[in-house]
>>> print(open('structure-v1.cif').read())   # mmCIF, C-alpha atoms and all ligand atoms
data_final
#
loop_
_atom_site.label_atom_id
_atom_site.label_comp_id
_atom_site.auth_asym_id
_atom_site.auth_seq_id
_atom_site.Cartn_x
_atom_site.Cartn_y
_atom_site.Cartn_z
CA MET X 1 16.78 -23.48 -7.24
CA ALA X 2 13.03 -23.86 -6.82
CA ILE X 3 11.10 -26.26 -9.04
CA THR X 4 9.11 -24.31 -11.61
CA ALA X 5 6.50 -25.11 -14.22
CA ARG X 6 9.20 -24.73 -16.87
CA HIS X 7 11.19 -27.56 -15.32
CA ALA X 8 8.07 -29.73 -15.38
CA ARG X 9 7.33 -28.90 -19.03
CA TYR X 10 10.92 -29.43 -20.20
CA PRO X 11 12.21 -32.02 -17.73
CA PHE X 12 15.16 -33.12 -19.87
CA LEU X 13 16.90 -29.75 -19.47
CA ALA X 14 19.96 -29.48 -17.23
CA ALA X 15 18.18 -26.85 -15.13
CA ALA X 16 15.35 -29.30 -14.42
CA ARG X 17 17.83 -31.97 -13.36
CA GLU X 18 19.52 -29.51 -11.04
CA ALA X 19 16.19 -28.50 -9.55
CA VAL X 20 15.45 -32.15 -8.74
CA THR X 21 18.89 -32.60 -7.19
CA GLU X 22 18.61 -29.41 -5.14
CA ALA X 23 15.16 -30.35 -3.92
CA GLY X 24 16.84 -33.36 -2.33
CA VAL X 25 14.08 -35.73 -3.43
CA GLU X 26 14.87 -39.43 -3.15
CA LEU X 27 13.20 -41.35 -5.97
CA GLU X 28 13.29 -44.51 -3.82
CA THR X 29 11.22 -42.76 -1.16
CA LEU X 30 8.71 -41.51 -3.72
CA VAL X 31 8.21 -45.03 -4.98
CA ALA X 32 8.09 -46.60 -1.53
CA ASN X 33 5.40 -44.10 -0.52
CA ASP X 34 3.56 -44.57 -3.80
CA GLU X 35 3.53 -40.82 -4.37
CA PRO X 36 1.46 -39.44 -7.29
CA ALA X 37 4.62 -38.97 -9.39
CA VAL X 38 4.85 -42.77 -9.67
CA GLU X 39 1.44 -43.11 -11.28
CA ARG X 40 2.18 -40.14 -13.52
CA ALA X 41 5.45 -41.84 -14.57
CA ARG X 42 3.54 -44.99 -15.53
CA GLU X 43 1.08 -42.88 -17.50
CA ARG X 44 3.97 -41.04 -19.12
CA VAL X 45 5.44 -44.27 -20.49
CA GLU X 46 2.04 -45.71 -21.42
CA ARG X 47 1.18 -42.57 -23.38
CA ALA X 48 4.56 -42.70 -25.10
CA LEU X 49 3.98 -46.29 -26.21
CA LEU X 50 0.35 -45.88 -27.22
CA ALA X 51 -0.05 -42.31 -28.35
CA GLY X 52 3.46 -41.12 -29.18
CA ARG X 53 3.31 -38.27 -26.68
CA VAL X 54 3.82 -37.89 -22.95
CA ASP X 55 1.52 -35.12 -21.77
CA SER X 56 -1.09 -36.29 -19.30
CA GLU X 57 -4.67 -36.97 -20.30
CA THR X 58 -5.66 -35.43 -16.96
CA PRO X 59 -3.19 -32.56 -16.52
CA ASP X 60 -5.10 -30.92 -13.66
CA GLU X 61 -4.60 -34.00 -11.56
CA TRP X 62 -0.86 -33.46 -11.17
CA ARG X 63 1.17 -30.90 -9.27
CA VAL X 64 4.24 -29.36 -10.86
CA ASN X 65 6.44 -31.55 -8.65
CA ASP X 66 4.62 -34.75 -9.68
CA GLU X 67 5.02 -33.82 -13.31
CA LEU X 68 8.73 -33.10 -13.03
CA LEU X 69 9.56 -36.10 -10.84
CA SER X 70 7.63 -38.41 -13.13
CA TYR X 71 10.36 -37.88 -15.73
CA PRO X 72 13.28 -39.54 -13.90
CA LEU X 73 10.87 -42.27 -12.75
CA ALA X 74 9.66 -42.83 -16.31
CA ARG X 75 13.29 -43.24 -17.37
CA ILE X 76 13.71 -45.97 -14.78
CA LEU X 77 10.52 -47.69 -15.94
CA VAL X 78 11.49 -47.56 -19.58
CA SER X 79 14.96 -48.91 -18.71
CA LEU X 80 13.37 -51.83 -16.89
CA LEU X 81 11.23 -52.68 -19.92
CA ASP X 82 14.46 -53.85 -21.50
CA SER X 83 13.33 -53.04 -25.04
CA PRO X 84 15.31 -50.79 -27.42
CA ALA X 85 12.08 -50.16 -29.38
CA ALA X 86 10.36 -48.91 -26.23
CA ILE X 87 13.26 -46.57 -25.46
CA ASP X 88 13.10 -45.26 -29.03
CA LYS X 89 9.37 -44.63 -28.84
CA TYR X 90 9.66 -43.07 -25.41
CA ALA X 91 12.41 -40.64 -26.44
CA ALA X 92 10.51 -39.73 -29.61
CA ALA X 93 7.36 -39.07 -27.59
CA GLU X 94 9.18 -36.82 -25.10
CA ALA X 95 10.67 -34.90 -28.02
CA LYS X 96 7.38 -34.53 -29.85
CA THR X 97 5.64 -33.18 -26.76
CA ALA X 98 8.50 -30.79 -25.99
CA ILE X 99 8.43 -29.32 -29.50
CA GLU X 100 4.68 -28.82 -29.32
CA ARG X 101 5.18 -26.99 -26.03
CA LEU X 102 7.93 -24.87 -27.52
CA LYS X 103 5.64 -23.88 -30.39
CA THR X 104 2.91 -22.95 -27.91
CA ASP X 105 5.41 -20.88 -25.91
CA LEU X 106 6.64 -19.06 -29.00
CA ASP X 107 3.09 -18.38 -30.17
CA SER X 108 1.88 -17.13 -26.85
CA GLY X 109 3.50 -13.69 -27.24
CA ASP X 110 2.69 -11.41 -24.31
CA GLU X 111 1.24 -14.26 -22.36
CA LEU X 112 4.65 -15.91 -22.55
CA ARG X 113 6.37 -12.89 -21.07
CA SER X 114 3.89 -12.74 -18.23
CA THR X 115 4.62 -16.34 -17.21
CA PRO X 116 8.34 -16.62 -17.87
CA SER X 117 8.75 -19.42 -15.34
CA ALA X 118 6.52 -21.76 -17.36
CA SER X 119 7.74 -21.10 -20.87
CA ILE X 120 10.98 -21.21 -22.76
CA ASP X 121 12.34 -19.32 -25.74
CA ARG X 122 14.07 -20.91 -28.67
CA ASP X 123 17.51 -19.50 -27.89
CA THR X 124 17.43 -20.91 -24.37
CA LEU X 125 16.38 -24.32 -25.63
CA VAL X 126 19.06 -24.27 -28.31
CA ALA X 127 21.67 -23.34 -25.70
CA GLU X 128 20.44 -26.04 -23.31
CA LEU X 129 20.92 -28.57 -26.08
CA ASP X 130 24.50 -27.32 -26.53
CA LEU X 131 23.71 -26.16 -30.04
CA GLU X 132 24.18 -22.40 -29.66
CA THR X 133 27.32 -22.28 -31.77
CA ALA X 134 25.85 -24.56 -34.45
CA ILE X 135 22.45 -22.88 -34.85
CA GLN X 136 22.11 -19.17 -35.47
CA ALA X 137 19.03 -17.15 -36.38
CA GLU X 138 19.19 -15.01 -39.50
CA ARG X 139 18.28 -11.61 -38.25
CA ASP X 140 17.72 -8.73 -40.59
CA ALA X 141 15.68 -5.56 -40.61
CA ALA X 142 12.78 -7.25 -42.34
CA THR X 143 12.60 -10.08 -39.83
CA ALA X 144 10.97 -9.75 -36.46
CA MET X 145 13.74 -10.16 -33.88
CA ASP X 146 11.65 -12.45 -31.74
CA ASP X 147 10.56 -14.78 -34.46
CA PRO X 148 13.10 -15.19 -37.24
CA ALA X 149 11.95 -17.08 -40.28
CA TRP X 150 15.34 -18.52 -41.25
CA PHE X 151 18.24 -20.11 -39.43
CA ARG X 152 21.78 -21.21 -40.27
CA VAL X 153 22.80 -24.62 -39.04
CA GLY X 154 26.42 -25.80 -39.12
CA VAL X 155 26.70 -28.44 -41.79
CA GLY X 156 27.98 -31.14 -39.39
CA THR X 157 25.10 -30.57 -37.01
CA TYR X 158 22.65 -30.46 -39.90
CA LEU X 159 23.83 -33.82 -41.21
CA GLU X 160 23.59 -35.32 -37.75
CA LEU X 161 20.11 -34.01 -36.95
CA ALA X 162 18.58 -34.43 -40.40
CA SER X 163 19.89 -37.97 -40.83
CA GLY X 164 16.53 -39.64 -40.13
CA ALA X 165 14.38 -37.06 -41.95
CA ARG X 166 12.37 -38.35 -44.85
CA GLY X 167 12.13 -36.60 -48.18
CA ASP X 168 14.57 -35.39 -50.82
CA GLY X 169 14.25 -31.84 -49.53
CA TRP X 170 16.49 -32.75 -46.60
CA ARG X 171 19.35 -34.03 -48.74
CA LEU X 172 22.36 -31.78 -48.60
CA VAL X 173 22.55 -31.51 -52.39
CA ASN X 174 19.14 -29.85 -52.33
CA ARG X 175 20.04 -27.29 -49.65
CA GLU X 176 21.44 -23.81 -49.79
CA LEU X 177 24.92 -23.98 -48.31
CA VAL X 178 26.58 -20.74 -47.13
CA ASP X 179 29.95 -20.59 -45.37
CA GLY X 180 29.69 -24.10 -43.98
CA THR X 181 26.10 -23.59 -42.82
CA VAL X 182 22.78 -24.86 -44.14
CA ARG X 183 19.82 -22.49 -44.35
CA VAL X 184 16.68 -23.92 -42.77
CA GLU X 185 13.21 -22.51 -42.29
CA ARG X 186 11.56 -22.14 -38.90
CA GLU X 187 9.46 -25.31 -39.26
CA GLU X 188 12.49 -27.27 -40.40
CA LEU X 189 14.39 -26.09 -37.36
CA PHE X 190 11.66 -27.54 -35.14
CA ARG X 191 12.23 -30.88 -36.86
CA LEU X 192 15.97 -30.72 -36.18
CA LEU X 193 15.45 -29.69 -32.57
CA ARG X 194 13.07 -32.59 -32.13
CA THR X 195 15.86 -34.97 -33.09
CA ALA X 196 18.25 -33.21 -30.71
CA ILE X 197 15.78 -33.57 -27.84
CA ARG X 198 15.12 -37.18 -28.73
CA ARG X 199 18.82 -37.89 -28.46
CA ARG X 200 19.12 -35.98 -25.21
CA VAL X 201 16.28 -38.00 -23.70
CA ALA X 202 17.70 -41.31 -24.93
CA GLU X 203 21.18 -40.49 -23.57
CA GLY X 204 22.14 -42.90 -20.81
CA LEU X 205 19.14 -45.20 -21.41
CA PRO X 206 18.71 -47.92 -20.44
CA PHE X 207 20.19 -47.43 -16.97
CA ASP X 208 22.73 -50.05 -15.98
CA GLY X 209 22.65 -51.99 -12.77
CA LEU X 210 18.92 -51.96 -12.06
CA ASP X 211 18.08 -55.19 -10.29
CA GLU X 212 14.45 -56.09 -10.88
CA ASP X 213 14.26 -58.03 -7.65
CA ALA X 214 15.60 -55.33 -5.39
CA GLY X 215 15.26 -51.70 -4.45
CA ILE X 216 13.35 -49.25 -6.58
CA ALA X 217 12.93 -51.67 -9.47
CA ALA X 218 11.21 -54.23 -7.25
CA GLU X 219 8.93 -51.52 -5.86
CA LEU X 220 7.90 -50.63 -9.41
CA SER X 221 6.88 -54.16 -10.32
CA ALA X 222 3.13 -53.42 -10.60
CA GLN X 223 3.72 -50.52 -12.99
CA LEU X 224 6.18 -52.64 -14.91
CA THR X 225 3.76 -55.53 -15.32
CA ASP X 226 1.21 -53.11 -16.73
CA LEU X 227 3.64 -51.65 -19.24
CA ARG X 228 5.00 -55.08 -20.24
CA ARG X 229 1.50 -56.18 -21.07
CA LEU X 230 1.10 -53.19 -23.37
CA LEU X 231 4.43 -53.93 -24.97
CA SER X 232 3.69 -57.59 -25.53
CA GLU X 233 0.73 -56.50 -27.61
CA ARG X 234 3.10 -54.62 -29.84
CA THR X 235 4.09 -57.69 -31.77
CA ARG X 236 4.61 -57.76 -35.46
CA VAL X 237 1.38 -57.50 -37.41
CA GLY X 238 0.83 -60.39 -39.79
CA GLU X 239 0.47 -60.16 -43.48
CA ILE X 240 -3.21 -59.26 -43.73
CA ASP X 241 -3.82 -57.06 -46.74
CA PHE X 242 -7.53 -57.21 -47.39
CA VAL X 243 -10.33 -54.81 -46.47
CA ALA X 244 -13.77 -56.37 -45.96
CA ARG X 245 -15.81 -54.37 -43.53
CA GLU X 246 -18.49 -57.04 -43.31
CA LEU X 247 -15.92 -59.26 -41.61
CA PHE X 248 -14.61 -56.73 -39.11
CA PRO X 249 -14.90 -57.85 -35.48
CA PRO X 250 -17.74 -56.21 -33.55
CA CYS X 251 -15.39 -54.04 -31.45
CA ILE X 252 -14.02 -52.37 -34.58
CA GLU X 253 -17.39 -52.17 -36.31
CA ASN X 254 -18.85 -50.50 -33.19
CA LEU X 255 -16.08 -47.91 -33.16
CA LEU X 256 -16.57 -47.21 -36.85
CA GLN X 257 -20.31 -46.80 -36.41
CA LYS X 258 -19.79 -44.51 -33.46
CA ALA X 259 -17.50 -42.30 -35.56
CA GLU X 260 -19.97 -42.41 -38.45
CA ASP X 261 -22.70 -41.26 -36.10
CA GLY X 262 -20.60 -38.14 -35.67
CA ILE X 263 -19.46 -38.98 -32.14
CA GLU X 264 -15.88 -38.06 -31.22
CA LEU X 265 -13.87 -41.16 -30.33
CA GLU X 266 -11.81 -41.19 -27.14
CA GLY X 267 -8.04 -41.30 -27.67
CA PHE X 268 -7.79 -45.01 -26.91
CA GLU X 269 -10.75 -45.80 -29.17
CA GLN X 270 -9.22 -43.91 -32.05
CA PHE X 271 -5.88 -45.62 -31.48
CA THR X 272 -7.59 -49.02 -31.57
CA LEU X 273 -9.46 -48.25 -34.78
CA MET X 274 -6.42 -46.80 -36.57
CA ALA X 275 -4.18 -49.66 -35.41
CA PHE X 276 -6.70 -52.15 -36.77
CA LEU X 277 -7.06 -50.41 -40.12
CA THR X 278 -3.29 -50.07 -40.60
CA GLY X 279 -2.94 -53.64 -39.34
CA ILE X 280 -5.06 -54.94 -42.22
CA GLY X 281 -2.86 -53.18 -44.73
CA MET X 282 -4.53 -49.80 -45.28
CA ASP X 283 -2.43 -46.68 -45.81
CA ALA X 284 -3.28 -43.16 -44.67
CA ASP X 285 -5.04 -42.12 -47.92
CA GLU X 286 -7.18 -45.24 -47.88
CA ILE X 287 -8.16 -44.75 -44.26
CA VAL X 288 -9.03 -41.09 -44.88
CA ALA X 289 -11.31 -42.19 -47.75
CA PHE X 290 -12.71 -45.10 -45.77
CA CYS X 291 -13.60 -42.83 -42.83
CA ALA X 292 -14.68 -39.85 -44.94
CA GLU X 293 -18.21 -39.85 -43.52
CA SER X 294 -17.19 -39.86 -39.88
CA SER X 295 -16.12 -37.65 -37.00
CA LEU X 296 -12.46 -38.55 -37.67
CA ALA X 297 -10.46 -35.62 -39.04
CA PRO X 298 -8.14 -36.43 -41.98
CA ALA X 299 -5.20 -34.67 -40.27
CA GLY X 300 -5.63 -36.78 -37.12
CA ILE X 301 -5.87 -39.95 -39.20
CA ARG X 302 -2.70 -39.08 -41.07
CA TYR X 303 -0.75 -38.27 -37.94
CA GLN X 304 -1.83 -41.44 -36.19
CA THR X 305 -1.18 -43.71 -39.16
CA GLU X 306 2.28 -42.28 -39.57
CA TYR X 307 2.97 -42.89 -35.90
CA LEU X 308 1.63 -46.43 -36.03
CA THR X 309 4.00 -47.49 -38.81
CA ASP X 310 7.70 -46.98 -38.46
CA ASP X 311 10.44 -46.95 -41.07
CA ARG X 312 11.24 -50.59 -40.49
CA GLY X 313 7.72 -51.65 -41.36
CA THR X 314 6.94 -52.53 -37.77
CA GLN X 315 3.44 -51.60 -36.75
CA TYR X 316 1.53 -51.23 -33.57
CA PRO X 317 -1.23 -53.81 -33.66
CA PRO X 318 -4.50 -52.94 -31.99
CA PRO X 319 -4.69 -54.01 -28.34
CA SER X 320 -5.74 -57.55 -27.49
CA CYS X 321 -9.30 -58.62 -26.74
CA GLU X 322 -8.41 -58.71 -23.06
CA THR X 323 -7.27 -55.09 -23.06
CA LEU X 324 -10.23 -53.95 -25.16
CA SER X 325 -12.48 -55.67 -22.71
CA ALA X 326 -10.83 -53.85 -19.80
CA TYR X 327 -11.42 -50.55 -21.61
CA GLY X 328 -15.07 -51.41 -22.24
CA ILE X 329 -14.62 -51.53 -26.02
CA CYS X 330 -15.15 -55.28 -26.34
CA HIS X 331 -18.42 -56.92 -25.41
CA ASN X 332 -17.31 -60.34 -26.62
CA GLU X 333 -20.45 -60.84 -28.70
CA ASP X 334 -21.38 -64.50 -29.18
CA ASP X 335 -18.42 -65.47 -27.07
CA HIS X 336 -16.20 -65.15 -30.11
CA TRP X 337 -13.23 -64.35 -27.89
CA LYS X 338 -12.89 -68.13 -27.87
CA ILE X 339 -12.03 -68.02 -31.58
CA ALA X 340 -9.08 -65.68 -31.26
CA GLY X 341 -7.64 -63.47 -28.56
CA HIS X 342 -6.96 -60.58 -30.83
CA PRO X 343 -9.12 -58.52 -33.22
CA LEU X 344 -6.63 -59.03 -36.06
CA ALA X 345 -6.50 -62.77 -35.46
CA TYR X 346 -10.29 -62.87 -35.39
CA TYR X 347 -10.49 -60.95 -38.66
CA GLN X 348 -7.92 -63.29 -40.22
CA GLU X 349 -10.03 -66.29 -39.17
CA ARG X 350 -13.11 -64.78 -40.79
CA LEU X 351 -11.17 -63.97 -43.97
CA ASP X 352 -9.90 -67.53 -44.15
CA ALA X 353 -13.46 -68.82 -43.88
CA ALA X 354 -14.93 -66.32 -46.38
CA ASP X 355 -16.08 -67.03 -49.92
CA ALA X 356 -13.50 -66.78 -52.64
CA ASP X 357 -15.51 -64.08 -54.42
CA LEU X 358 -15.17 -61.62 -51.55
CA VAL X 359 -14.06 -58.26 -52.97
CA ASP X 360 -11.56 -55.92 -51.30
CA TRP X 361 -13.14 -52.54 -50.43
CA ARG X 362 -10.21 -50.84 -52.18
CA GLU X 363 -11.12 -52.49 -55.47
CA GLN X 364 -14.72 -51.41 -55.10
CA ALA X 365 -13.64 -47.86 -54.23
CA ALA X 366 -11.32 -47.73 -57.25
CA GLU X 367 -14.18 -48.77 -59.54
CA GLY X 368 -16.24 -45.97 -58.02
S1 LIG O 401 -13.52 -60.51 -28.55
FE1 LIG O 401 -11.84 -59.40 -29.46
S2 LIG O 401 -12.34 -59.25 -31.59
FE2 LIG O 401 -14.20 -59.75 -30.52
S3 LIG O 401 -15.19 -57.79 -30.10
FE3 LIG O 401 -13.96 -58.33 -28.36
S4 LIG O 401 -12.03 -57.33 -28.74
FE4 LIG O 401 -13.08 -57.40 -30.63
#
>>> encode(input="structure-v1.cif", output="structure tokens")
Amino acid sequence: MAITARHARYPFLAAAREAVTEAGVELETLVANDEPAVERARERVERALLAGRVDSETPDEWRVNDELLSYPLARILVSLLDSPAAIDKYAAAEAKTAIERLKTDLDSGDELRSTPSASIDRDTLVAELDLETAIQAERDAATAMDDPAWFRVGVGTYLELASGARGDGWRLVNRELVDGTVRVEREELFRLLRTAIRRRVAEGLPFDGLDEDAGIAAELSAQLTDLRRLLSERTRVGEIDFVARELFPPCIENLLQKAEDGIELEGFEQFTLMAFLTGIGMDADEIVAFCAESSLAPAGIRYQTEYLTDDRGTQYPPPSCETLSAYGICHNEDDHWKIAGHPLAYYQERLDAADADLVDWREQAAEG
């Protein structure tokens, strides 16, 4: 079986695994030769941890083979990170990207049929996830055969896949139950499939028996060091809950001003800004209001804030001063890096030293 673009776009499918096996590629050799798939694997995990998705920022740089082979390598890297939270985030990011691709495939109509080796249809994906008996489309004369609006999901499968979904609408008591199946709309089905993919990706992770000092794991030590550094920055955010823009560190103020000048922020810049604002206690509505006069779109803000805060209250802090410096975001004005090695720590220091009559921006905004 030849490797196709579909395998690269949906690498967790059994067919993709078979294609890798049949191609006879040795992952050890790829790593030893520092093939492009290795760098793409590192990027894959970095994107998962920072942006909650795994598609490349430079897709034209990679061949189909690099893209596909980066998946098993990324699984090794994420196993070596030895962090359940990282595995969680990684699997969620693979699932999110896959569902976005599925939506694109379903929307692409004729284009889809002309490039069948790159795209997938819903039935195939459902079958690949071993859900074909549990999920059935409702097909009637009024519904387009290719794009049904409603589906029936076996109640056991529904309960399993909807278990982490937020909102009363997902509770079984609020659902229409027919013959042991739950009716779900098309968009809801995407949500359930996302969970199924997330579980498929997480299956078998972390790999057992990887010895960091030997073999493929040892060869990946540079990539691992990079990813560990990112992860170490994902510590618990302190208890800051005060918004005083006049005390923001220069890196954050510069990003805000750039956005207010109408300039689009790069992905990493936006991540840094959102992580800082959530890190000082702001919720999505507050950030949308705070950034109303900027190039930041409310939908993007909402998505990113949701991603940055998980159900357990853990948050991604903004990157450290060292990382921001490496990305050219920090200019270490007045050598204040000496005060604190992290934008949140620096802000906390300034808050501690501020006058008692400092007013939270949220109070001012509420007073109009
Ligand atoms: S030293 Fe840290 S807090 Fe100060 S501008 Fe640079 S990144 Fe921001």
>>> residues_near_ligand(input="structure-v1.cif", ligand="ligand LIG 401 (chain O)", cutoff="7 Å", atoms="all atoms listed in the file", output="list in words")
Pro249, Pro250, Cys251, Ile252, Ser320, Cys321, Glu322, Leu324, Ser325, Ile329, Cys330, His331, Asn332, Glu333, His336, Trp337, Gly341, His342, Pro343 and Tyr346 of chain X
>>> axis_aligned_box(input="structure-v1.cif", around="region 341-358 of chain X", padding_each_side="8 Å", output="lines of an AutoDock Vina configuration file")
center_x = -11.3
center_y = -63.7
center_z = -41.5
size_x = 25.6
size_y = 26.3
size_z = 41.9
>>> residues_around(input="structure-v1.cif", residues="region 30-40 of chain X", least_positions_apart="5", cutoff="8 Å", atoms="only C-alpha atoms", output="count of residues only")
13
>>> residues_near_point(input="structure-v1.cif", point="(26.5, -21.9, -43.7)", cutoff="10 Å", atoms="all atoms listed in the file", output="PyMOL selection string")
chain X and resi 134-136+151-155+176-183
>>> residues_around(input="structure-v1.cif", residues="Leu125 (chain X)", least_positions_apart="6", cutoff="10 Å", atoms="all atoms listed in the file", output="list in words")
Tyr10, Leu13, Leu102, Leu131, Glu132, Leu193 and Ile197 of chain X
>>> residues_around(input="structure-v1.cif", residues="Ala284 (chain X)", least_positions_apart="6", cutoff="12 Å", atoms="only C-alpha atoms", output="list in words")
Met274, Ala275, Leu277, Thr278, Phe290, Cys291, Ala292, Ala297, Pro298, Ala299, Gly300, Ile301, Arg302, Tyr303, Gln304, Thr305, Glu306, Tyr307, Leu308 and Thr309 of chain X
>>> decode(input="structure-v1.cif", residues="region 174-189 of chain X", atoms="N, CA, C and O atoms", output="CSV table (one decimal), in the first residue's frame")
chain,number,residue,atom,x,y,z
X,174,ASN,N,-31.7,15.2,28.9
X,174,ASN,CA,-32.2,16.2,28.0
X,174,ASN,C,-32.1,15.8,26.5
X,174,ASN,O,-32.2,16.6,25.6
X,175,ARG,N,-31.9,14.5,26.2
X,175,ARG,CA,-31.8,14.1,24.9
X,175,ARG,C,-33.0,13.3,24.4
X,175,ARG,O,-33.7,12.7,25.3
X,176,GLU,N,-33.1,13.2,23.1
X,176,GLU,CA,-34.2,12.4,22.5
X,176,GLU,C,-33.7,11.0,22.4
X,176,GLU,O,-32.7,10.7,21.7
X,177,LEU,N,-34.3,10.0,23.1
X,177,LEU,CA,-33.9,8.7,23.1
X,177,LEU,C,-34.8,7.8,22.3
X,177,LEU,O,-36.0,7.8,22.5
X,178,VAL,N,-34.3,7.1,21.2
X,178,VAL,CA,-35.2,6.3,20.4
X,178,VAL,C,-34.6,4.9,20.2
X,178,VAL,O,-33.4,4.8,19.7
X,179,ASP,N,-35.3,3.9,20.7
X,179,ASP,CA,-34.8,2.5,20.5
X,179,ASP,C,-33.3,2.3,20.9
X,179,ASP,O,-32.5,1.8,20.2
X,180,GLY,N,-33.0,2.8,22.1
X,180,GLY,CA,-31.6,2.6,22.6
X,180,GLY,C,-30.6,3.5,21.9
X,180,GLY,O,-29.4,3.3,22.0
X,181,THR,N,-31.1,4.5,21.1
X,181,THR,CA,-30.1,5.4,20.5
X,181,THR,C,-30.4,6.8,20.8
X,181,THR,O,-31.5,7.2,21.2
X,182,VAL,N,-29.4,7.7,20.8
X,182,VAL,CA,-29.5,9.1,21.1
X,182,VAL,C,-29.4,9.9,19.8
X,182,VAL,O,-28.5,9.6,19.0
X,183,ARG,N,-30.4,10.8,19.5
X,183,ARG,CA,-30.3,11.6,18.3
X,183,ARG,C,-29.3,12.7,18.5
X,183,ARG,O,-29.4,13.4,19.5
X,184,VAL,N,-28.4,12.9,17.6
X,184,VAL,CA,-27.4,14.0,17.7
X,184,VAL,C,-27.4,14.7,16.3
X,184,VAL,O,-27.5,14.1,15.3
X,185,GLU,N,-27.1,16.0,16.4
X,185,GLU,CA,-27.0,16.8,15.2
X,185,GLU,C,-25.6,16.6,14.6
X,185,GLU,O,-24.7,16.2,15.3
X,186,ARG,N,-25.4,17.1,13.4
X,186,ARG,CA,-24.1,16.9,12.7
X,186,ARG,C,-23.0,17.5,13.5
X,186,ARG,O,-22.0,16.9,13.8
X,187,GLU,N,-23.1,18.8,14.0
X,187,GLU,CA,-22.1,19.4,14.8
X,187,GLU,C,-21.8,18.6,16.1
X,187,GLU,O,-20.6,18.5,16.5
X,188,GLU,N,-22.8,18.1,16.7
X,188,GLU,CA,-22.6,17.3,17.9
X,188,GLU,C,-21.8,16.0,17.6
X,188,GLU,O,-21.0,15.6,18.4
X,189,LEU,N,-22.1,15.5,16.4
X,189,LEU,CA,-21.4,14.3,16.1
X,189,LEU,C,-19.9,14.5,15.9
X,189,LEU,O,-19.1,13.7,16.4
